[in-house]
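Novice: Compact mmCIF, N, CA and C atoms, file coords39.txt:
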```txt
# COMPACT_ATOMS: atom_id res chain seq x y z
N MET K 1 -161.48 52.39 53.85
CA MET K 1 -161.03 51.08 54.25
C MET K 1 -161.90 50.61 55.42
N SER K 2 -162.23 49.37 55.36
CA SER K 2 -163.08 48.84 56.42
C SER K 2 -162.24 48.47 57.63
N LEU K 3 -162.90 48.32 58.73
CA LEU K 3 -162.25 47.95 59.98
C LEU K 3 -161.57 46.59 59.86
N GLU K 4 -162.22 45.69 59.15
CA GLU K 4 -161.67 44.34 58.96
C GLU K 4 -160.35 44.40 58.20
N MET K 5 -160.29 45.22 57.17
CA MET K 5 -159.06 45.35 56.38
C MET K 5 -157.94 45.98 57.22
N LEU K 6 -158.30 46.95 58.06
CA LEU K 6 -157.31 47.56 58.94
C LEU K 6 -156.77 46.55 59.94
N GLU K 7 -157.63 45.69 60.45
CA GLU K 7 -157.19 44.67 61.40
C GLU K 7 -156.25 43.67 60.73
N LYS K 8 -156.57 43.30 59.47
CA LYS K 8 -155.70 42.39 58.74
C LYS K 8 -154.34 43.04 58.48
N LEU K 9 -154.37 44.31 58.09
CA LEU K 9 -153.13 45.04 57.85
C LEU K 9 -152.31 45.14 59.14
N GLU K 10 -152.98 45.44 60.23
CA GLU K 10 -152.30 45.53 61.53
C GLU K 10 -151.66 44.19 61.89
N ALA K 11 -152.36 43.10 61.64
CA ALA K 11 -151.83 41.77 61.94
C ALA K 11 -150.60 41.48 61.09
N LYS K 12 -150.67 41.86 59.82
CA LYS K 12 -149.52 41.63 58.93
C LYS K 12 -148.33 42.48 59.36
N VAL K 13 -148.59 43.72 59.74
CA VAL K 13 -147.51 44.60 60.20
C VAL K 13 -146.90 44.03 61.48
N GLN K 14 -147.72 43.55 62.38
CA GLN K 14 -147.22 42.97 63.63
C GLN K 14 -146.37 41.73 63.35
N THR K 15 -146.85 40.91 62.42
CA THR K 15 -146.08 39.72 62.04
C THR K 15 -144.73 40.12 61.46
N ALA K 16 -144.72 41.14 60.61
CA ALA K 16 -143.47 41.62 60.02
C ALA K 16 -142.53 42.14 61.10
N VAL K 17 -143.06 42.92 62.04
CA VAL K 17 -142.24 43.46 63.14
C VAL K 17 -141.66 42.32 63.98
N ASP K 18 -142.49 41.32 64.28
CA ASP K 18 -142.01 40.17 65.06
C ASP K 18 -140.91 39.42 64.32
N THR K 19 -141.13 39.23 63.02
CA THR K 19 -140.14 38.53 62.21
C THR K 19 -138.82 39.31 62.18
N ILE K 20 -138.90 40.61 62.01
CA ILE K 20 -137.70 41.44 61.99
C ILE K 20 -136.97 41.35 63.32
N SER K 21 -137.72 41.39 64.42
CA SER K 21 -137.10 41.28 65.75
C SER K 21 -136.38 39.95 65.92
N LEU K 22 -137.02 38.87 65.49
CA LEU K 22 -136.40 37.55 65.59
C LEU K 22 -135.14 37.47 64.73
N LEU K 23 -135.20 38.03 63.54
CA LEU K 23 -134.04 38.01 62.66
C LEU K 23 -132.90 38.84 63.23
N GLN K 24 -133.21 39.95 63.86
CA GLN K 24 -132.17 40.77 64.48
C GLN K 24 -131.49 40.01 65.62
N MET K 25 -132.29 39.30 66.41
CA MET K 25 -131.71 38.50 67.49
C MET K 25 -130.83 37.39 66.91
N GLU K 26 -131.29 36.77 65.84
CA GLU K 26 -130.50 35.72 65.21
C GLU K 26 -129.19 36.27 64.66
N ILE K 27 -129.23 37.45 64.08
CA ILE K 27 -128.03 38.10 63.57
C ILE K 27 -127.04 38.35 64.71
N GLU K 28 -127.52 38.82 65.84
CA GLU K 28 -126.64 39.06 66.99
C GLU K 28 -126.01 37.76 67.46
N GLU K 29 -126.80 36.69 67.52
CA GLU K 29 -126.26 35.40 67.94
C GLU K 29 -125.19 34.92 66.96
N LEU K 30 -125.45 35.09 65.68
CA LEU K 30 -124.48 34.67 64.66
C LEU K 30 -123.21 35.50 64.73
N LYS K 31 -123.35 36.79 65.03
CA LYS K 31 -122.17 37.63 65.19
C LYS K 31 -121.32 37.15 66.36
N GLU K 32 -121.99 36.81 67.46
CA GLU K 32 -121.27 36.31 68.63
C GLU K 32 -120.57 34.99 68.32
N GLN K 33 -121.27 34.10 67.61
CA GLN K 33 -120.66 32.82 67.22
C GLN K 33 -119.46 33.06 66.31
N ASN K 34 -119.61 33.99 65.39
CA ASN K 34 -118.52 34.30 64.47
C ASN K 34 -117.30 34.82 65.23
N ASP K 35 -117.53 35.72 66.18
CA ASP K 35 -116.43 36.25 66.98
C ASP K 35 -115.75 35.13 67.77
N SER K 36 -116.58 34.26 68.34
CA SER K 36 -116.04 33.15 69.11
C SER K 36 -115.20 32.22 68.23
N LEU K 37 -115.71 31.91 67.04
CA LEU K 37 -114.98 31.04 66.13
C LEU K 37 -113.70 31.71 65.63
N ALA K 38 -113.75 33.01 65.41
CA ALA K 38 -112.54 33.73 64.98
C ALA K 38 -111.48 33.67 66.07
N ASN K 39 -111.89 33.84 67.33
CA ASN K 39 -110.94 33.75 68.45
C ASN K 39 -110.36 32.34 68.55
N GLU K 40 -111.22 31.34 68.38
CA GLU K 40 -110.77 29.96 68.46
C GLU K 40 -109.79 29.65 67.32
N ALA K 41 -110.09 30.15 66.14
CA ALA K 41 -109.20 29.93 65.00
C ALA K 41 -107.83 30.57 65.25
N GLN K 42 -107.83 31.77 65.82
CA GLN K 42 -106.56 32.44 66.12
C GLN K 42 -105.77 31.65 67.16
N GLU K 43 -106.45 31.15 68.15
CA GLU K 43 -105.79 30.35 69.18
C GLU K 43 -105.20 29.07 68.57
N LEU K 44 -105.95 28.44 67.68
CA LEU K 44 -105.45 27.23 67.04
C LEU K 44 -104.24 27.52 66.16
N ARG K 45 -104.26 28.66 65.46
CA ARG K 45 -103.11 29.04 64.65
C ARG K 45 -101.88 29.24 65.53
N SER K 46 -102.09 29.89 66.66
CA SER K 46 -100.99 30.14 67.58
C SER K 46 -100.45 28.81 68.14
N ASN K 47 -101.36 27.92 68.50
CA ASN K 47 -100.93 26.61 69.01
C ASN K 47 -100.17 25.82 67.94
N ARG K 48 -100.63 25.91 66.69
CA ARG K 48 -99.95 25.22 65.61
C ARG K 48 -98.53 25.75 65.43
N GLU K 49 -98.38 27.07 65.49
CA GLU K 49 -97.05 27.66 65.36
C GLU K 49 -96.14 27.18 66.48
N THR K 50 -96.66 27.13 67.69
CA THR K 50 -95.87 26.66 68.82
C THR K 50 -95.46 25.21 68.61
N LEU K 51 -96.41 24.39 68.17
CA LEU K 51 -96.10 22.98 67.93
C LEU K 51 -95.07 22.82 66.82
N GLU K 52 -95.16 23.63 65.78
CA GLU K 52 -94.18 23.56 64.70
C GLU K 52 -92.80 23.94 65.20
N GLN K 53 -92.72 24.96 66.06
CA GLN K 53 -91.43 25.35 66.63
C GLN K 53 -90.87 24.24 67.51
N ASP K 54 -91.74 23.65 68.34
CA ASP K 54 -91.30 22.55 69.21
C ASP K 54 -90.82 21.37 68.37
N ASN K 55 -91.55 21.08 67.31
CA ASN K 55 -91.18 19.97 66.44
C ASN K 55 -89.81 20.23 65.80
N GLY K 56 -89.60 21.45 65.34
CA GLY K 56 -88.30 21.79 64.75
C GLY K 56 -87.18 21.63 65.75
N LYS K 57 -87.41 22.07 66.98
CA LYS K 57 -86.38 21.94 68.02
C LYS K 57 -86.10 20.47 68.31
N LEU K 58 -87.15 19.67 68.41
CA LEU K 58 -86.96 18.24 68.67
C LEU K 58 -86.21 17.56 67.52
N ARG K 59 -86.51 17.95 66.30
CA ARG K 59 -85.78 17.38 65.15
C ARG K 59 -84.29 17.75 65.23
N ASN K 60 -84.02 19.00 65.56
CA ASN K 60 -82.62 19.43 65.69
C ASN K 60 -81.92 18.68 66.80
N ASP K 61 -82.61 18.52 67.93
CA ASP K 61 -82.03 17.77 69.05
C ASP K 61 -81.75 16.33 68.63
N HIS K 62 -82.69 15.73 67.91
CA HIS K 62 -82.54 14.35 67.46
C HIS K 62 -81.33 14.22 66.54
N GLU K 63 -81.20 15.14 65.61
CA GLU K 63 -80.05 15.12 64.71
C GLU K 63 -78.74 15.30 65.47
N ALA K 64 -78.75 16.18 66.46
CA ALA K 64 -77.53 16.39 67.26
C ALA K 64 -77.16 15.12 68.00
N TRP K 65 -78.14 14.43 68.59
CA TRP K 65 -77.85 13.19 69.30
C TRP K 65 -77.36 12.11 68.33
N GLN K 66 -77.95 12.05 67.15
CA GLN K 66 -77.48 11.06 66.17
C GLN K 66 -76.02 11.32 65.81
N GLU K 67 -75.69 12.58 65.64
CA GLU K 67 -74.30 12.93 65.30
C GLU K 67 -73.35 12.57 66.44
N ARG K 68 -73.79 12.81 67.66
CA ARG K 68 -72.94 12.44 68.81
C ARG K 68 -72.72 10.93 68.87
N VAL K 69 -73.79 10.17 68.61
CA VAL K 69 -73.67 8.71 68.63
C VAL K 69 -72.72 8.25 67.52
N ARG K 70 -72.86 8.85 66.33
CA ARG K 70 -71.95 8.49 65.22
C ARG K 70 -70.50 8.79 65.61
N THR K 71 -70.30 9.94 66.23
CA THR K 71 -68.95 10.33 66.64
C THR K 71 -68.38 9.34 67.65
N LEU K 72 -69.22 8.98 68.63
CA LEU K 72 -68.76 8.00 69.64
C LEU K 72 -68.49 6.65 69.01
N LEU K 73 -69.34 6.22 68.08
CA LEU K 73 -69.10 4.94 67.41
C LEU K 73 -67.82 5.00 66.58
N GLY K 74 -67.59 6.14 65.95
CA GLY K 74 -66.35 6.31 65.20
C GLY K 74 -65.13 6.23 66.09
N LYS K 75 -65.20 6.80 67.27
CA LYS K 75 -64.09 6.74 68.22
C LYS K 75 -63.87 5.32 68.68
N MET K 76 -64.97 4.59 68.89
CA MET K 76 -64.85 3.20 69.32
C MET K 76 -64.18 2.35 68.23
N ASP K 77 -64.49 2.65 66.97
CA ASP K 77 -63.86 1.90 65.88
C ASP K 77 -62.36 2.14 65.85
N HIS K 78 -61.93 3.36 66.16
CA HIS K 78 -60.49 3.68 66.15
C HIS K 78 -59.77 3.04 67.33
N VAL K 79 -60.48 2.80 68.42
CA VAL K 79 -59.87 2.18 69.61
C VAL K 79 -59.58 0.73 69.33
N GLU K 80 -60.44 0.08 68.63
CA GLU K 80 -60.25 -1.37 68.37
C GLU K 80 -59.16 -1.51 67.38
```
Show the structure stored in the file as structure tokens.
Specialist:
Amino acid sequence: MSLEMLEKLEAKVQTAVDTISLLQMEIEELKEQNDSLANEAQELRSNRETLEQDNGKLRNDHEAWQERVRTLLGKMDHVE
């Protein structure tokens, strides 16, 4: 093999090594982003559950108040 061919081979090997290094760094960044997004998704699920519970409580409170108003209006009708 000539010196020129060895230099070309060395350049190609170096390019491959550089490309592999860049891809490994990109994989690490993507893993970090994935972890971050997974944490954010879990937090959003938790917040949604809390909001659903709060909504259910508010609906129950609203129904209870409506029933109290109906009861009071019924009492007022009996007074007249």
Novice: How far is it from CA of Arg48 in chain K to CA of Asn34 in chain K, in Å with one decimal?
Specialist: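 So the answer is 20.7 Å.
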Novice: Please measure the separation of CA of Lys75 in chain K and atom C of Glu63 in chain K, giving the value in Å to one decimal.
Specialist: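 Answer for the CA of Lys75 in chain K to atom C of Glu63 in chain K separation: 17.2 Å.
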Novice: Would you work out the distance separating CA of Arg70 in chain K from atom C of Leu51 in chain K, expressed in Å to one decimal?
Specialist: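 Pair CA of Arg70 in chain K / atom C of Leu51 in chain K returns 27.2 Å.
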